[in-house]
Amino acid sequence: MFGDAGAGEQDAGYENLPEELPILPLRNTVAFPGTVLPLAVGIDRSVKLVQEAFKGDRLVGLVAMRDPKIKEPEPGQTYEVGTLARLDHVSGNAENGLQVIVRCLARFRIEYWVGATPYLKAKVAPAPEERDEDLETDALFRSLRDLSQEVVGLSPNFPKEAGEFLAQIKDPAYLVHLVATNAGMEIEQAQRLLEENAVKEKIRLLIEHLSREKEVLSLGRKIQSEAKEKMGEAQREYYLRQQLKAIQKELGESEENQSEADGYRERLEEADLPPEAKKEAERELKRLAAMSPQSAEYSVIKTYLDWLLELPWHETSEDRTDIDHARQVLDRDHYGLEEIKERIVEYLAVRKLARERGVPEPDEDRPDQPLGAILCFAGPPGVGKTSLGQSIARALNRKFTRMSLGGMRDEAEIRGHRRTYIGAMPGRIIQAVKRAGTRNPVFMLDEVDKIGNDWRGDPSSALLEVLDPAQNHAFRDHYLDVDFDLSEVIFITTANQLETIPPALADRMEILQLDGYTEYEKVKIAQRHLVPRQVRWHGLRDEEISFTEDALQKIVRDYTREAGVRNLERQIGSICRKCAVKVTEEEWSHVLVTPEMVREFLKKERFEAEDSENIEIPGIATGLAVTAFGGDILFVEATRMKGKGKLTLTGHLGDVMRESAQIAHSYVRSKADTLAVDAEDFAVYDVHLHVPAGAIPKDGPSAGLAMVMAMASLYSGRSLRGDVGMTGEVTLRGRVLPVGGIKMKILAAHRAGLTTVILPQRNEKDLDDLPDEVRNTMLFVPVDRIEEAMDTAFVPEGDRVSQDQEKVTT
């Protein structure tokens, strides 16, 4: 559109301006005086206007439309100021329209509309511009010309000659109109510029627009330059890589390593690794690409990259926070264990509320509220600790993985080996998470109480970071050497004894005690879980075998004596195998297992009946103890013989238990008058105290009360009741102090058929943990002093055994 229309024609146009002028509306275009415009005319009435005007004086009025969406504007739908133009050339096009070249002459203003048919006509008046020839106008003119040349130089749409043409223009108004036509202004801005009367203000408006346009073009050129530089770098890298391939080909080296490097590069781009892991992977990938496949370190780097890319950095399982579903799963899989089930339900409730109420996730650097949990299930074998972890995973809809810590002696099993070692691998924590495929599985660490700790290593110290909610969000395996987030993992550890767990490690876990089952609970567990499972595992159908409740009770009482149900299931499996033989030989079509049949299948009873342990002589007391297998009863036997007052202790006793025996001996000697014992007896009799079985190590203070009662019975000649069990630590003052494991001890007493238990007064609160069937069938006697226990423990005076009878019996 740059061209010389003749600056003088802008004023000469007014000489030819008729009073009535045909108006040609322009869509998205503003015509400025002194310019030449190509127009495409397609509307019928506009075509008619151009044809008639071209046959006449060739003058038309060009006016911009207010709304370009209107197809045929009516009077009032165009702007009031337009430009007088002469039709220089008219030709037809393929769409039955016209191609028109117009030469714009001068401004006009519409005074009123004359008609709308067959096309728009209006009464118009000249609208000359105000021109000031002063220094300010000259300065503005020069600024506009320089700025216009700069914009033309930055824009790729104008040739270099356009800048030279602008430098030759001397008329400010003509420069304004020419630049405005090509400046890409909005219709409203262009119309405002056309309507402005003063040339000086026109220049200011145009300078403001061009200044912004210059900034846009400069920024665009900068962006293009940067993109071109990056493209040049990419092309240079491609060229160098092609050269490298050619060199490798001439050297006879395989392209295998390059293709593998490209494959790893693609996998790295697809994997959404954390920044630290991505940086480490890119560093190793560069080393791999520059390394020969025959290098010893080549396979080491490949293995490392495989581990980084295959770990579940962001993959998680969506927690199922349906509490009713969780209760159903836990109740279906396990009988009892209410405390454990409630803890899992509490965890689900917290997660559900946090999600529904928009509680923010914990900060990566300060995990004030971990998303995972660290639990420790402590209890005897066979109570369902490991299977409970699997049920928790199903209830939460999470993956389950486990590892056994029993006998582990090398902390590298936890943290992994550094890559400097040949055959180095990540630790078993990272390996298990990779197998699970998510970073929030239920992770069970079995036998945490059996970790080794000697000169070969201390894995329990390595577990301190794994099981610490404040640290495990940035667990750093020695092999990976990058942080991995374990904060969303639910860690569940299992243990038989808490005493062997280091205090620092135990402090990081929420310990939930799983005590032994009662006889009633074992029968229910057998009916609901053990029998159906064993029947299914042995290929039998439900209609081919069934157990009566009495048969299950006999198995529990006479063939198992344990806190859990592992041996019970083993005995049920033995019966199922024998029944399978009968069914296979078609001797029986259905087997109803009764107590008599249990005796036939399992042969003689392995344990004596509960009421067979009668105490008939003085010096024998029934104590209660806790072992790795649960609670158990403990007999304390004392006898005396002529001597010099010596105390002998046997039964593989530990230091604490030996001290309890010495305290018991001293207490009985100090209470000789109260017990009606001759004080001289302590000087002329040696005492031998024995705790069966001698091959099993024993220790702890809880047998102190039973030892006092055994010695008091021995010296006084009064027998102790065989249906009474007792536990408690004693002091030289005669106080009975609290001990642990009350629930497991009482369950053992209940299994052994004891009817009464003497326990410390301060342990009375522990009775709330007992099942109803145990609490309702036993008598509990809380005592604070030894004297209070004697009335319950001793056989009534009428049944006292004389000293002579005792000597004969002994």
# chains A, B, ... in the order shown; residues from 1 in each chain; ligands from 1

call {"tool": "select_by_dssp", "arguments": {"residues": "region 193-299 of chain A", "states": "helix (DSSP H, G or I)", "output": "PyMOL selection string"}}
result
chain A and resi 193-195+199-251+256-270+275-289+296-299

call {"tool": "residues_around", "arguments": {"residues": "region 633-639 of chain A", "least_positions_apart": "3", "cutoff": "7 Å", "atoms": "only C-alpha atoms", "output": "mmCIF file with N, CA, C and O atoms, in the first residue's frame"}}
result
data_model
loop_
_atom_site.group_PDB
_atom_site.id
_atom_site.type_symbol
_atom_site.label_atom_id
_atom_site.label_comp_id
_atom_site.auth_asym_id
_atom_site.auth_seq_id
_atom_site.Cartn_x
_atom_site.Cartn_y
_atom_site.Cartn_z
ATOM 1 N N GLY A 619 5.311 -77.237 99.870
ATOM 2 C CA GLY A 619 6.499 -76.810 99.139
ATOM 3 C C GLY A 619 6.321 -76.671 97.655
ATOM 4 O O GLY A 619 7.305 -76.432 96.946
ATOM 5 N N ILE A 620 5.113 -76.806 97.149
ATOM 6 C CA ILE A 620 4.878 -76.677 95.699
ATOM 7 C C ILE A 620 3.859 -75.563 95.466
ATOM 8 O O ILE A 620 2.765 -75.569 96.043
ATOM 9 N N ALA A 621 4.216 -74.602 94.621
ATOM 10 C CA ALA A 621 3.334 -73.483 94.282
ATOM 11 C C ALA A 621 3.207 -73.390 92.766
ATOM 12 O O ALA A 621 4.114 -73.776 92.017
ATOM 13 N N THR A 622 2.064 -72.888 92.312
ATOM 14 C CA THR A 622 1.806 -72.726 90.874
ATOM 15 C C THR A 622 1.974 -71.263 90.510
ATOM 16 O O THR A 622 1.163 -70.414 90.907
ATOM 17 N N GLY A 623 3.025 -70.954 89.778
ATOM 18 C CA GLY A 623 3.250 -69.590 89.309
ATOM 19 C C GLY A 623 2.777 -69.409 87.879
ATOM 20 O O GLY A 623 2.404 -70.368 87.191
ATOM 21 N N LEU A 624 2.804 -68.166 87.423
ATOM 22 C CA LEU A 624 2.387 -67.827 86.057
ATOM 23 C C LEU A 624 3.528 -67.072 85.392
ATOM 24 O O LEU A 624 4.163 -66.210 86.008
ATOM 25 N N ALA A 625 3.760 -67.372 84.123
ATOM 26 C CA ALA A 625 4.891 -66.764 83.417
ATOM 27 C C ALA A 625 4.482 -66.424 81.991
ATOM 28 O O ALA A 625 3.462 -66.903 81.480
ATOM 29 N N VAL A 687 17.840 -75.878 102.000
ATOM 30 C CA VAL A 687 16.646 -75.759 101.153
ATOM 31 C C VAL A 687 17.074 -75.825 99.689
ATOM 32 O O VAL A 687 18.036 -75.158 99.271
ATOM 33 N N HIS A 688 16.358 -76.628 98.937
ATOM 34 C CA HIS A 688 16.593 -76.741 97.491
ATOM 35 C C HIS A 688 15.324 -76.273 96.770
ATOM 36 O O HIS A 688 14.257 -76.858 96.928
ATOM 37 N N LEU A 689 15.479 -75.207 95.969
ATOM 38 C CA LEU A 689 14.333 -74.677 95.213
ATOM 39 C C LEU A 689 14.589 -74.948 93.726
ATOM 40 O O LEU A 689 15.635 -74.585 93.186
ATOM 41 N N HIS A 690 13.598 -75.562 93.075
ATOM 42 C CA HIS A 690 13.735 -75.958 91.664
ATOM 43 C C HIS A 690 12.516 -75.492 90.877
ATOM 44 O O HIS A 690 11.376 -75.535 91.363
ATOM 45 N N VAL A 691 12.785 -75.016 89.640
ATOM 46 C CA VAL A 691 11.699 -74.576 88.747
ATOM 47 C C VAL A 691 11.790 -75.396 87.469
ATOM 48 O O VAL A 691 12.690 -75.175 86.646
ATOM 49 N N PRO A 692 10.929 -76.404 87.292
ATOM 50 C CA PRO A 692 10.936 -77.172 86.026
ATOM 51 C C PRO A 692 10.508 -76.255 84.878
ATOM 52 O O PRO A 692 9.811 -75.255 85.097
ATOM 53 N N ALA A 706 5.223 -66.665 94.050
ATOM 54 C CA ALA A 706 5.127 -68.123 94.079
ATOM 55 C C ALA A 706 6.275 -68.730 94.880
ATOM 56 O O ALA A 706 6.090 -69.727 95.609
ATOM 57 N N MET A 707 7.481 -68.151 94.817
ATOM 58 C CA MET A 707 8.608 -68.664 95.587
ATOM 59 C C MET A 707 8.405 -68.461 97.087
ATOM 60 O O MET A 707 8.732 -69.342 97.903
ATOM 61 N N ALA A 710 5.911 -71.094 98.165
ATOM 62 C CA ALA A 710 6.493 -72.440 98.197
ATOM 63 C C ALA A 710 7.333 -72.629 99.453
ATOM 64 O O ALA A 710 7.252 -73.682 100.129
ATOM 65 N N MET A 711 8.159 -71.641 99.812
ATOM 66 C CA MET A 711 8.993 -71.765 100.999
ATOM 67 C C MET A 711 8.167 -71.693 102.274
ATOM 68 O O MET A 711 8.426 -72.426 103.254
ATOM 69 N N LEU A 714 6.625 -74.993 102.670
ATOM 70 C CA LEU A 714 7.597 -76.006 103.073
ATOM 71 C C LEU A 714 7.880 -75.947 104.567
ATOM 72 O O LEU A 714 7.870 -76.982 105.259
ATOM 73 N N ALA A 748 -3.318 -68.381 80.238
ATOM 74 C CA ALA A 748 -2.637 -69.659 80.460
ATOM 75 C C ALA A 748 -3.230 -70.383 81.663
ATOM 76 O O ALA A 748 -3.402 -71.613 81.647
ATOM 77 N N ALA A 749 -3.548 -69.638 82.719
ATOM 78 C CA ALA A 749 -4.170 -70.254 83.897
ATOM 79 C C ALA A 749 -5.531 -70.834 83.544
ATOM 80 O O ALA A 749 -5.910 -71.929 84.003
#

call {"tool": "atom_distance", "arguments": {"atom1": "CA of Gly564 (chain A)", "atom2": "CA of Thr386 (chain A)"}}
result
12.5 Å

call {"tool": "residues_around", "arguments": {"residues": "Gly97 (chain A)", "least_positions_apart": "3", "cutoff": "12 Å", "atoms": "only C-alpha atoms", "output": "PyMOL selection string"}}
result
chain A and resi 39-48+50-51+90-94+100

call {"tool": "residues_around", "arguments": {"residues": "Gly516 (chain A)", "least_positions_apart": "3", "cutoff": "7 Å", "atoms": "only C-alpha atoms", "output": "list in words"}}
result
Pro380, Val383, Ala563, Gly564, Gly630, Met744 and Leu747 of chain A

call {"tool": "write_last_selection", "arguments": {"atoms": "N, CA, C and O atoms", "output": "mmCIF file, in the first residue's frame"}}
result
data_model
loop_
_atom_site.group_PDB
_atom_site.id
_atom_site.type_symbol
_atom_site.label_atom_id
_atom_site.label_comp_id
_atom_site.auth_asym_id
_atom_site.auth_seq_id
_atom_site.Cartn_x
_atom_site.Cartn_y
_atom_site.Cartn_z
ATOM 1 N N PRO A 380 2.469 -63.836 70.983
ATOM 2 C CA PRO A 380 3.042 -65.177 70.791
ATOM 3 C C PRO A 380 2.809 -65.690 69.370
ATOM 4 O O PRO A 380 1.986 -65.143 68.627
ATOM 5 N N VAL A 383 -0.938 -66.324 66.583
ATOM 6 C CA VAL A 383 -2.138 -65.543 66.897
ATOM 7 C C VAL A 383 -2.629 -64.743 65.698
ATOM 8 O O VAL A 383 -3.634 -64.038 65.790
ATOM 9 N N ALA A 563 -0.701 -70.490 72.841
ATOM 10 C CA ALA A 563 -1.426 -69.222 72.856
ATOM 11 C C ALA A 563 -2.164 -68.985 71.546
ATOM 12 O O ALA A 563 -3.244 -68.398 71.513
ATOM 13 N N GLY A 564 -1.566 -69.451 70.426
ATOM 14 C CA GLY A 564 -2.185 -69.251 69.121
ATOM 15 C C GLY A 564 -2.984 -70.454 68.672
ATOM 16 O O GLY A 564 -3.495 -71.232 69.494
ATOM 17 N N GLY A 630 3.673 -67.224 74.469
ATOM 18 C CA GLY A 630 2.481 -66.808 75.187
ATOM 19 C C GLY A 630 2.612 -67.073 76.670
ATOM 20 O O GLY A 630 3.702 -67.274 77.208
ATOM 21 N N MET A 744 -1.951 -62.521 79.288
ATOM 22 C CA MET A 744 -1.455 -63.804 78.783
ATOM 23 C C MET A 744 -1.293 -64.815 79.915
ATOM 24 O O MET A 744 -1.532 -66.010 79.738
ATOM 25 N N LEU A 747 -4.796 -66.091 80.788
ATOM 26 C CA LEU A 747 -5.275 -66.999 79.744
ATOM 27 C C LEU A 747 -4.605 -68.375 79.878
ATOM 28 O O LEU A 747 -5.256 -69.411 79.671
#

call {"tool": "select_by_dssp", "arguments": {"residues": "region 387-505 of chain A", "states": "strand (DSSP E)", "output": "list in words"}}
result
Phe400, Thr401, Arg402, Met403, Ser404, Val442, Phe443, Met444, Leu445, Asp446, Phe475, Arg476, Asp483, Phe484, Ile490, Phe491, Ile492, Thr493, Thr494 and Ala495 of chain A

call {"tool": "residues_around", "arguments": {"residues": "Phe547 (chain A)", "least_positions_apart": "4", "cutoff": "9 Å", "atoms": "only C-alpha atoms", "output": "ChimeraX atom specification"}}
result
/A:527,531,551-552,591-594

call {"tool": "write_last_selection", "arguments": {"atoms": "all heavy atoms", "output": "short mmCIF file (atom, residue, chain, number, x, y, z; two decimals), in the first residue's frame"}}
result
data_model
loop_
_atom_site.label_atom_id
_atom_site.label_comp_id
_atom_site.auth_asym_id
_atom_site.auth_seq_id
_atom_site.Cartn_x
_atom_site.Cartn_y
_atom_site.Cartn_z
N GLN A 527 -13.98 -73.10 63.80
CA GLN A 527 -15.22 -73.26 63.05
C GLN A 527 -15.28 -72.31 61.85
O GLN A 527 -15.75 -72.69 60.78
CB GLN A 527 -16.42 -73.02 63.97
CG GLN A 527 -16.61 -74.11 65.03
CD GLN A 527 -17.72 -73.77 66.00
OE1 GLN A 527 -18.02 -72.59 66.25
NE2 GLN A 527 -18.34 -74.80 66.56
N VAL A 531 -11.15 -74.96 59.97
CA VAL A 531 -11.78 -76.14 59.39
C VAL A 531 -12.11 -75.93 57.91
O VAL A 531 -11.75 -76.76 57.07
CB VAL A 531 -13.03 -76.55 60.19
CG1 VAL A 531 -13.81 -77.64 59.45
CG2 VAL A 531 -12.63 -77.03 61.58
N ALA A 551 -15.79 -82.03 69.57
CA ALA A 551 -14.55 -82.55 68.99
C ALA A 551 -13.48 -81.47 68.93
O ALA A 551 -12.31 -81.73 69.24
CB ALA A 551 -14.83 -83.11 67.59
N LEU A 552 -13.87 -80.27 68.54
CA LEU A 552 -12.91 -79.18 68.50
C LEU A 552 -12.42 -78.84 69.90
O LEU A 552 -11.23 -78.54 70.10
CB LEU A 552 -13.54 -77.95 67.83
CG LEU A 552 -13.87 -78.10 66.34
CD1 LEU A 552 -14.62 -76.87 65.83
CD2 LEU A 552 -12.60 -78.32 65.51
N VAL A 591 -18.15 -87.83 56.93
CA VAL A 591 -17.47 -88.06 58.21
C VAL A 591 -17.90 -86.99 59.18
O VAL A 591 -17.73 -85.79 58.91
CB VAL A 591 -15.94 -88.03 58.03
CG1 VAL A 591 -15.26 -88.32 59.36
CG2 VAL A 591 -15.50 -89.02 56.97
N LEU A 592 -18.49 -87.42 60.29
CA LEU A 592 -18.81 -86.50 61.37
C LEU A 592 -17.78 -86.72 62.48
O LEU A 592 -17.77 -87.76 63.14
CB LEU A 592 -20.23 -86.76 61.90
CG LEU A 592 -20.66 -85.90 63.09
CD1 LEU A 592 -20.69 -84.42 62.69
CD2 LEU A 592 -22.02 -86.35 63.61
N VAL A 593 -16.90 -85.77 62.66
CA VAL A 593 -15.80 -85.92 63.61
C VAL A 593 -16.32 -85.61 65.01
O VAL A 593 -16.76 -84.50 65.30
CB VAL A 593 -14.64 -84.98 63.25
CG1 VAL A 593 -13.48 -85.16 64.24
CG2 VAL A 593 -14.16 -85.24 61.82
N THR A 594 -16.27 -86.64 65.87
CA THR A 594 -16.72 -86.53 67.26
C THR A 594 -15.51 -86.65 68.18
O THR A 594 -14.41 -87.00 67.74
CB THR A 594 -17.72 -87.66 67.57
OG1 THR A 594 -17.06 -88.92 67.39
CG2 THR A 594 -18.92 -87.57 66.63
#

call {"tool": "residues_around", "arguments": {"residues": "Glu465 (chain A)", "least_positions_apart": "3", "cutoff": "10 Å", "atoms": "only C-alpha atoms", "output": "number ranges by chain"}}
result
A: 415, 460-462, 468-476, 505, 508

call {"tool": "residues_around", "arguments": {"residues": "Ile615 (chain A)", "least_positions_apart": "3", "cutoff": "9 Å", "atoms": "only C-alpha atoms", "output": "PyMOL selection string"}}
result
chain A and resi 618+620-621+719-723

call {"tool": "closest_residue", "arguments": {"among": "A:Val151, A:Leu675, A:Ile430, A:Leu21", "to": "Glu215 (chain A)", "atoms": "only C-alpha atoms"}}
result
A:Val151

call {"tool": "closest_residue", "arguments": {"among": "A:His334, A:His590, A:Lys279, A:Lys644", "to": "Lys522 (chain A)", "atoms": "only C-alpha atoms"}}
result
A:His334

call {"tool": "atom_distance", "arguments": {"atom1": "CA of Arg267 (chain A)", "atom2": "CA of Val482 (chain A)"}}
result
18.5 Å

call {"tool": "closest_residue", "arguments": {"among": "A:Val345, A:Val598, A:Leu308, A:Ala173", "to": "His325 (chain A)", "atoms": "only C-alpha atoms"}}
result
A:Val345
